[in-house]
Structure formats: structure tokens, C-alpha cells
Amino acid sequence: MRKASALIVALWIIAVLSIMVMSFATEAHLQTGVNVYMRERNRVGRLMEAGQAIAEVVIAGYQNAVEWSKDESLDELLEDDRWTLEKRALKNDSKCTIGPVLVDDRRDKDGEFVNPSTVTVEIEMVNAGEQNAVNVNELYAGGDQNYRIRWEMLLTSHGVPEEFEIDTDDGRFKLIDHLIACWNDWRDEDDTATAIDAIECGAESGWYEDSYDKDKVEDEDRRFPRNGSIPDIQELSYIRGFRDYPAVLTGGVLNPGDNKDEQVTVKGIVNMLGTSGSSKINVNSCTVEQLLTIPGIFSEDDDEDMAAGLETAEAIVGALREKPDYDVDESRSWWPYKDWNDLVQRVSDYAGVQVGAEAAEYLVYVPDKDSIFKIRIIGESMGMKREVDAECYLRDNKVRYIKWRED
């Protein structure tokens, strides 16, 4: 009986010890897994730092990128600057992709990579974050001497009929004249309403005060002319004319109260406008619609449904993909214009179209100083992946961040 009891006790002790050993082993295994996870997580975190450093090097140096040359030695260029091609792509194409770059060189005994750590960086340049939008704050009497013409082009090309008239408390005006006058009064620095034939066509603070009193608008909902730059393009919706005809901004039926056969459908202009950057257009990264706001491309006297202006704009965009008759990098699928003379010659060769000389002052060929860079960094290690989305700008050769979001 004693031997049986001793055997049972021994078995219990062995069982308990086995459980303890298995528990310790399991805990050790889990702890090892946690340590590996934390190590790789930290490694991926460091990949974000490596990607940030690479992005800043490319952004800070893209303006000085060496232009393509027929006799260039790519090996020598890359020896002098590893990121030459990426800087050139950012300068010419407004975007580039770097990598995947191998950051951690871990190999097995046979020389094969083991769980390599890589980082990929994508950079896209946009005009003040608004994709080449025209700065509306420059389109007024104090900013651009041709502001009226550009507004007319913008509105007409989006479907607002030039002869479309409206009745107001001050008289009957063309809608285009009314919109331009009201915007100019909101933007300029004086308090004198714009007049046409000695009749006020715009609206200054007095008009808004009377309107708010008449409609019993609460104080917190009242908006008055800023007499300066607007910070948000949505502010246009508060301005007389634009608020009465919201389809001008957003698109839709301009006059829904009229008979069906008299209604006019327009495209919204809000996506064409921004509140920062330049009123000029980067001709190497713009659209046909944007070109139709440029004097010399779209004529206000074009009576043939903008046919001539549209042909010119399409030729400018199309000629970018036609190889010039001088030495160029033939591995590309499109070739940016160098300058005004290059544009005029290539567009003429491409479609026999002549671009008006007045367009020259509204076109640029490289991104301006107000460009915003969108950065995406992707780090991968041991099956783990981490991403960062950021936005920055370059000032005094330093990269300054305005947004940083990690997954």
C-alpha cells in the first residue's frame, strides 16, 4: 500500500514538474516571439526614418538635377549622386518612385538574403496641394490686368452662356459681368461697388448688411467682403451672384426655375480654383481645361463654340507626347517643354497651330516655389508592413512638414 501511494505521489510530482517545464517552455517561446516582433517593429520604424531621409535628399536636390544629355554616362552620374534619376523624374514629371531600397543586408551562409528589410518612397509634387489649380486670389483688378478676360474664359468654357442675363435689384446684367464684379468687390481693398454704365453691378459691405437685415440672418451667419485674400475656395459660395447661382461653382442647372427647354446646364468651376500658389499654369502638367483659361489660347472672340481654343489646348497637351526633332531621352513616353520657344515650335509642328503671344506670361515650365510634396513611405520587414503619408514644402533648402500620418 505504501509503495502504491509513493508511486502515485511520484507520478503527481512528475506530472506537475512536466506541466511547469512545458509552461516555462511555452512562456519562453512566446517571449521569444514577442521579442522578435518588437525587434522587427522597431526595425520597420527605423525604415520610416530611412525613407524620410531619402525623400528629403531627393526633394532638397531635385531643382539641381542634371538634365538628360545624349553623351551622358549613367554610371558616372550615379556614382556622383545615387538619386540622380529620381531627382530628374521629380523635376520633369512632378513625381518619382524610389526603391524598394534594401536597407538591411542580412544573408545566410550561401549568400542569399534572409528576410530583407526594404523601404519604398513615392513622391508627388502638386501646386500648393491643389494640383495646378489657378489661384483665385490673383484674379482681381489688383492682381492680374487680364482678370476679367480670364474669368470670362473660365466661366464660358464651363458652360455659362456669355449672353445669359439676370434681373437684380440694381438692374439687368449679364450673369458673367455680375459674378466678376461681385468677386472683385469681395476681394479688393476698397468699399466702392463695381459699376457698369454707372449702375452698381457688384456688392460691397452695405449691400450684404441690407440683405442680411431683410432676410433676418443671425449675426454668426453673416459674411462680409474680406477685402483681401480668401483662405478657402468654399468662401465663394457666400458671395453675391455665386450664392444665387450655386451651379456655377458645383455644376448643374443654372436656372432650375425656368421652363425645361430654357434651362442651362453648366460644369462647376470650383475644382479649377485654389487659394494659394500662382495664377500661372505649369504647361508640363496641366489639363486642357486649365489651358482654356489662358489668354492667347482661348479667345473671348471665339464664336465657334471654343473650337479654335480647344484645338490649341489639345495640341499643347498632345505635343508633349510627340518626340521633338532634337536629341532627347527616347526611353521616355513624353517630353516636357523647355521654354516658350520650344512650346511654340513643337505645337506648330504637331498640329499646325499657333499659340497667341499673350499666353507666354501665364505659362511656367517647372514647379514654382509654392509646390507641395506628397510623400508615401512603405517599410517592410519579416512580413510586417508600415506606411507613412506626409506632405511638406521646401523653403530655404529645408524640408518643412505640414502633415504626417502613420498607419
# chains A, B, ... in the order shown; residues from 1 in each chain; ligands from 1

$ residues_around --residues "segment 45-53 of chain A" --least-positions-apart "5" --cutoff "9 Å" --atoms "only C-alpha atoms" --output "list in words"
Glu40, Val58, Val101, Val103, Ser117, Thr118, Val119, Thr120, Val121, Ile375, Arg376, Ile377, Ile378, Gly379, Glu380, Ser381, Arg386, Glu387 and Val388 of chain A

$ write_last_selection --atoms "N, CA, C and O atoms" --output "CSV table (one decimal), in the first residue's frame"
chain,number,residue,atom,x,y,z
A,40,GLU,N,11.4,43.5,-34.8
A,40,GLU,CA,11.1,43.8,-36.2
A,40,GLU,C,10.2,45.1,-36.3
A,40,GLU,O,10.3,45.8,-37.3
A,58,VAL,N,16.1,63.8,-52.0
A,58,VAL,CA,15.6,64.0,-53.3
A,58,VAL,C,14.9,65.3,-53.5
A,58,VAL,O,15.1,66.1,-54.4
A,101,VAL,N,14.3,50.0,-51.7
A,101,VAL,CA,15.7,50.1,-51.4
A,101,VAL,C,16.0,49.1,-50.2
A,101,VAL,O,15.3,49.1,-49.2
A,103,VAL,N,17.6,48.0,-47.1
A,103,VAL,CA,18.2,48.7,-46.0
A,103,VAL,C,19.0,47.8,-45.1
A,103,VAL,O,20.1,48.2,-44.6
A,117,SER,N,14.9,43.7,-45.3
A,117,SER,CA,14.2,44.9,-44.9
A,117,SER,C,14.3,45.9,-46.0
A,117,SER,O,15.4,46.3,-46.5
A,118,THR,N,13.1,46.4,-46.5
A,118,THR,CA,13.1,47.3,-47.7
A,118,THR,C,12.3,48.5,-47.4
A,118,THR,O,11.3,48.5,-46.6
A,119,VAL,N,12.6,49.6,-48.0
A,119,VAL,CA,11.8,50.8,-47.9
A,119,VAL,C,11.5,51.4,-49.3
A,119,VAL,O,12.4,51.4,-50.2
A,120,THR,N,10.3,51.8,-49.6
A,120,THR,CA,9.9,52.4,-50.9
A,120,THR,C,9.4,53.8,-50.6
A,120,THR,O,8.6,53.9,-49.7
A,121,VAL,N,9.8,54.7,-51.4
A,121,VAL,CA,9.4,56.1,-51.2
A,121,VAL,C,8.7,56.6,-52.5
A,121,VAL,O,9.3,56.5,-53.6
A,375,ILE,N,4.3,62.7,-49.9
A,375,ILE,CA,5.2,61.6,-49.7
A,375,ILE,C,4.5,60.4,-49.1
A,375,ILE,O,3.7,60.5,-48.2
A,376,ARG,N,4.8,59.2,-49.7
A,376,ARG,CA,4.3,58.0,-49.1
A,376,ARG,C,5.6,57.1,-48.9
A,376,ARG,O,6.3,56.8,-49.8
A,377,ILE,N,5.7,56.6,-47.7
A,377,ILE,CA,6.9,55.8,-47.3
A,377,ILE,C,6.3,54.4,-46.9
A,377,ILE,O,5.4,54.3,-46.1
A,378,ILE,N,6.8,53.4,-47.5
A,378,ILE,CA,6.4,52.0,-47.2
A,378,ILE,C,7.6,51.2,-46.8
A,378,ILE,O,8.6,51.0,-47.5
A,379,GLY,N,7.6,50.7,-45.5
A,379,GLY,CA,8.6,49.9,-45.0
A,379,GLY,C,8.2,48.4,-44.8
A,379,GLY,O,7.0,48.2,-44.3
A,380,GLU,N,9.0,47.5,-45.1
A,380,GLU,CA,8.6,46.0,-45.0
A,380,GLU,C,9.8,45.3,-44.4
A,380,GLU,O,10.9,45.4,-44.8
A,381,SER,N,9.5,44.4,-43.4
A,381,SER,CA,10.5,43.6,-42.8
A,381,SER,C,9.8,42.4,-42.1
A,381,SER,O,8.8,42.6,-41.4
A,386,ARG,N,4.6,48.8,-42.8
A,386,ARG,CA,4.2,50.0,-42.1
A,386,ARG,C,4.2,51.2,-43.2
A,386,ARG,O,5.1,51.2,-44.0
A,387,GLU,N,3.3,52.1,-43.1
A,387,GLU,CA,3.2,53.1,-44.1
A,387,GLU,C,3.1,54.5,-43.4
A,387,GLU,O,2.5,54.6,-42.3
A,388,VAL,N,3.6,55.5,-44.1
A,388,VAL,CA,3.5,56.9,-43.7
A,388,VAL,C,3.1,57.7,-44.9
A,388,VAL,O,3.6,57.6,-46.0

$ select_by_dssp --residues "segment 68-182 of chain A" --states "strand (DSSP E or B)" --output "VMD selection string"
chain A and resid 95 to 104 107 113 117 to 127 134 to 135 165 to 168 171 to 174

$ residues_around --residues "Trp151 of chain A" --least-positions-apart "5" --cutoff "8 Å" --atoms "only C-alpha atoms" --output "ChimeraX atom specification"
/A:139,180,293

$ write_last_selection --atoms "N, CA, C and O atoms" --output "compact mmCIF listing (two decimals), in the first residue's frame"
# COMPACT_ATOMS: atom_id res chain seq x y z
N LEU A 139 -6.93 86.66 -59.31
CA LEU A 139 -7.83 87.02 -60.41
C LEU A 139 -8.75 88.17 -60.01
O LEU A 139 -9.97 88.02 -59.90
N ILE A 180 -18.27 88.45 -61.91
CA ILE A 180 -16.93 89.03 -61.87
C ILE A 180 -16.90 90.27 -60.98
O ILE A 180 -15.99 90.45 -60.17
N THR A 293 -8.16 78.74 -69.81
CA THR A 293 -8.29 79.99 -69.03
C THR A 293 -7.18 80.96 -69.38
O THR A 293 -7.07 82.03 -68.77

$ closest_residue --among "A:Gly383, A:Glu314, A:Ile372, A:Glu152" --to "Ala351 of chain A" --atoms "only C-alpha atoms"
A:Glu314

$ residues_around --residues "Asp349 of chain A" --least-positions-apart "3" --cutoff "12 Å" --atoms "only C-alpha atoms" --output "mmCIF file with N, CA, C and O atoms, in the first residue's frame"
data_model
loop_
_atom_site.group_PDB
_atom_site.id
_atom_site.type_symbol
_atom_site.label_atom_id
_atom_site.label_comp_id
_atom_site.auth_asym_id
_atom_site.auth_seq_id
_atom_site.Cartn_x
_atom_site.Cartn_y
_atom_site.Cartn_z
ATOM 1 N N ALA A 315 -3.706 70.584 -78.680
ATOM 2 C CA ALA A 315 -2.419 70.458 -79.358
ATOM 3 C C ALA A 315 -1.258 70.625 -78.375
ATOM 4 O O ALA A 315 -0.247 69.915 -78.466
ATOM 5 N N ILE A 316 -1.404 71.538 -77.426
ATOM 6 C CA ILE A 316 -0.347 71.752 -76.431
ATOM 7 C C ILE A 316 -0.147 70.499 -75.580
ATOM 8 O O ILE A 316 0.979 70.070 -75.331
ATOM 9 N N GLY A 318 -1.166 67.416 -76.413
ATOM 10 C CA GLY A 318 -0.790 66.300 -77.268
ATOM 11 C C GLY A 318 0.665 66.333 -77.696
ATOM 12 O O GLY A 318 1.325 65.284 -77.786
ATOM 13 N N ALA A 319 1.201 67.513 -77.950
ATOM 14 C CA ALA A 319 2.583 67.632 -78.420
ATOM 15 C C ALA A 319 3.592 67.181 -77.368
ATOM 16 O O ALA A 319 4.740 66.874 -77.703
ATOM 17 N N LEU A 320 3.174 67.131 -76.113
ATOM 18 C CA LEU A 320 4.073 66.646 -75.061
ATOM 19 C C LEU A 320 4.480 65.197 -75.305
ATOM 20 O O LEU A 320 5.554 64.763 -74.877
ATOM 21 N N GLU A 322 4.758 63.816 -78.348
ATOM 22 C CA GLU A 322 5.382 63.698 -79.664
ATOM 23 C C GLU A 322 6.877 64.005 -79.522
ATOM 24 O O GLU A 322 7.256 65.088 -79.082
ATOM 25 N N LYS A 323 7.715 63.075 -79.892
ATOM 26 C CA LYS A 323 9.163 63.255 -79.713
ATOM 27 C C LYS A 323 9.647 64.464 -80.495
ATOM 28 O O LYS A 323 9.385 64.582 -81.688
ATOM 29 N N PRO A 324 10.344 65.389 -79.833
ATOM 30 C CA PRO A 324 10.860 66.576 -80.538
ATOM 31 C C PRO A 324 11.908 66.183 -81.578
ATOM 32 O O PRO A 324 12.430 65.062 -81.576
ATOM 33 N N ASP A 325 12.246 67.131 -82.454
ATOM 34 C CA ASP A 325 13.216 66.845 -83.503
ATOM 35 C C ASP A 325 14.649 67.146 -83.068
ATOM 36 O O ASP A 325 15.540 67.298 -83.893
ATOM 37 N N ASP A 342 10.340 76.634 -77.353
ATOM 38 C CA ASP A 342 10.223 75.198 -77.578
ATOM 39 C C ASP A 342 8.752 74.808 -77.730
ATOM 40 O O ASP A 342 8.381 74.025 -78.614
ATOM 41 N N LEU A 343 7.907 75.378 -76.881
ATOM 42 C CA LEU A 343 6.473 75.074 -76.947
ATOM 43 C C LEU A 343 5.879 75.516 -78.282
ATOM 44 O O LEU A 343 5.168 74.744 -78.951
ATOM 45 N N VAL A 344 6.152 76.749 -78.684
ATOM 46 C CA VAL A 344 5.575 77.283 -79.923
ATOM 47 C C VAL A 344 5.978 76.429 -81.124
ATOM 48 O O VAL A 344 5.139 76.090 -81.966
ATOM 49 N N GLN A 345 7.248 76.060 -81.192
ATOM 50 C CA GLN A 345 7.729 75.284 -82.325
ATOM 51 C C GLN A 345 7.119 73.884 -82.361
ATOM 52 O O GLN A 345 6.658 73.402 -83.406
ATOM 53 N N ARG A 346 7.094 73.220 -81.215
ATOM 54 C CA ARG A 346 6.602 71.847 -81.169
ATOM 55 C C ARG A 346 5.100 71.769 -81.415
ATOM 56 O O ARG A 346 4.608 70.840 -82.079
ATOM 57 N N GLY A 352 0.104 72.217 -86.510
ATOM 58 C CA GLY A 352 -0.022 73.407 -87.340
ATOM 59 C C GLY A 352 -0.768 74.526 -86.644
ATOM 60 O O GLY A 352 -1.365 75.390 -87.292
ATOM 61 N N VAL A 353 -0.738 74.530 -85.314
ATOM 62 C CA VAL A 353 -1.481 75.515 -84.523
ATOM 63 C C VAL A 353 -0.522 76.585 -84.002
ATOM 64 O O VAL A 353 0.607 76.284 -83.600
ATOM 65 N N GLN A 354 -0.987 77.822 -83.995
ATOM 66 C CA GLN A 354 -0.197 78.925 -83.461
ATOM 67 C C GLN A 354 -0.756 79.339 -82.101
ATOM 68 O O GLN A 354 -1.954 79.558 -81.959
ATOM 69 N N VAL A 355 0.127 79.440 -81.115
ATOM 70 C CA VAL A 355 -0.279 79.862 -79.770
ATOM 71 C C VAL A 355 -0.078 81.365 -79.661
ATOM 72 O O VAL A 355 1.002 81.881 -79.979
#

$ closest_residue --among "A:Lys267, A:Lys403, A:Arg172, A:Arg240" --to "Val253 of chain A" --atoms "only C-alpha atoms"
A:Lys267

$ atom_distance --atom1 "atom CA of Asp170 of chain A" --atom2 "atom CA of Gly202 of chain A"
9.4 Å

$ residues_around --residues "segment 205-214 of chain A" --least-positions-apart "3" --cutoff "12 Å" --atoms "only C-alpha atoms" --output "PyMOL selection string"
chain A and resi 169-170+182+185-193+200-202+217-227+238-241

$ residues_around --residues "segment 153-159 of chain A" --least-positions-apart "6" --cutoff "9 Å" --atoms "only C-alpha atoms" --output "short mmCIF file (atom, residue, chain, number, x, y, z; two decimals) with C-alpha atoms, in the first residue's frame"
data_model
loop_
_atom_site.label_atom_id
_atom_site.label_comp_id
_atom_site.auth_asym_id
_atom_site.auth_seq_id
_atom_site.Cartn_x
_atom_site.Cartn_y
_atom_site.Cartn_z
CA ILE A 176 -20.82 86.75 -66.16
CA VAL A 248 -21.64 77.97 -61.28
CA GLY A 251 -22.21 72.25 -61.61
CA VAL A 264 -28.91 75.79 -68.97
CA THR A 265 -26.63 73.07 -67.58
CA VAL A 266 -23.09 74.08 -66.60
CA LYS A 267 -19.96 72.42 -65.24
CA GLY A 268 -18.75 73.62 -61.84
CA ILE A 269 -15.59 75.72 -61.71
CA MET A 272 -10.31 74.71 -61.23
CA GLU A 289 -9.50 72.74 -69.17
CA GLN A 290 -6.80 74.71 -67.37
CA LEU A 292 -8.67 77.26 -71.68
CA THR A 293 -8.29 79.99 -69.03
CA ILE A 294 -5.17 81.41 -70.68
CA PRO A 295 -5.30 84.46 -72.99
CA PHE A 298 -8.86 80.61 -75.77
CA SER A 299 -10.05 83.83 -77.37
CA GLU A 300 -13.03 85.69 -75.93
CA ASP A 305 -18.05 77.07 -79.64
CA MET A 306 -14.47 77.48 -78.50
#

$ residues_around --residues "Val317 of chain A" --least-positions-apart "4" --cutoff "10 Å" --atoms "only C-alpha atoms" --output "list in words"
Val283, Asn284, Ser285, Cys286, Thr287, Val288, Leu291, Thr312, Ala313, Arg321, Glu322, Pro336 and Val347 of chain A

$ atom_distance --atom1 "atom CA of Val160 of chain A" --atom2 "atom CA of Gly257 of chain A"
16.3 Å

$ closest_residue --among "A:Arg148, A:Asp93, A:Ile123, A:Asp407" --to "Cys392 of chain A" --atoms "only C-alpha atoms"
A:Ile123

$ select_by_dssp --residues "segment 76-270 of chain A" --states "alpha helix (DSSP H)" --output "PyMOL selection string"
chain A and resi 76-80+84-93+147-157+175-187+205-215+247-250

$ closest_residue --among "A:Leu74, A:Ala60, A:Ile54, A:Ala360" --to "Pro100 of chain A" --atoms "only C-alpha atoms"
A:Ile54
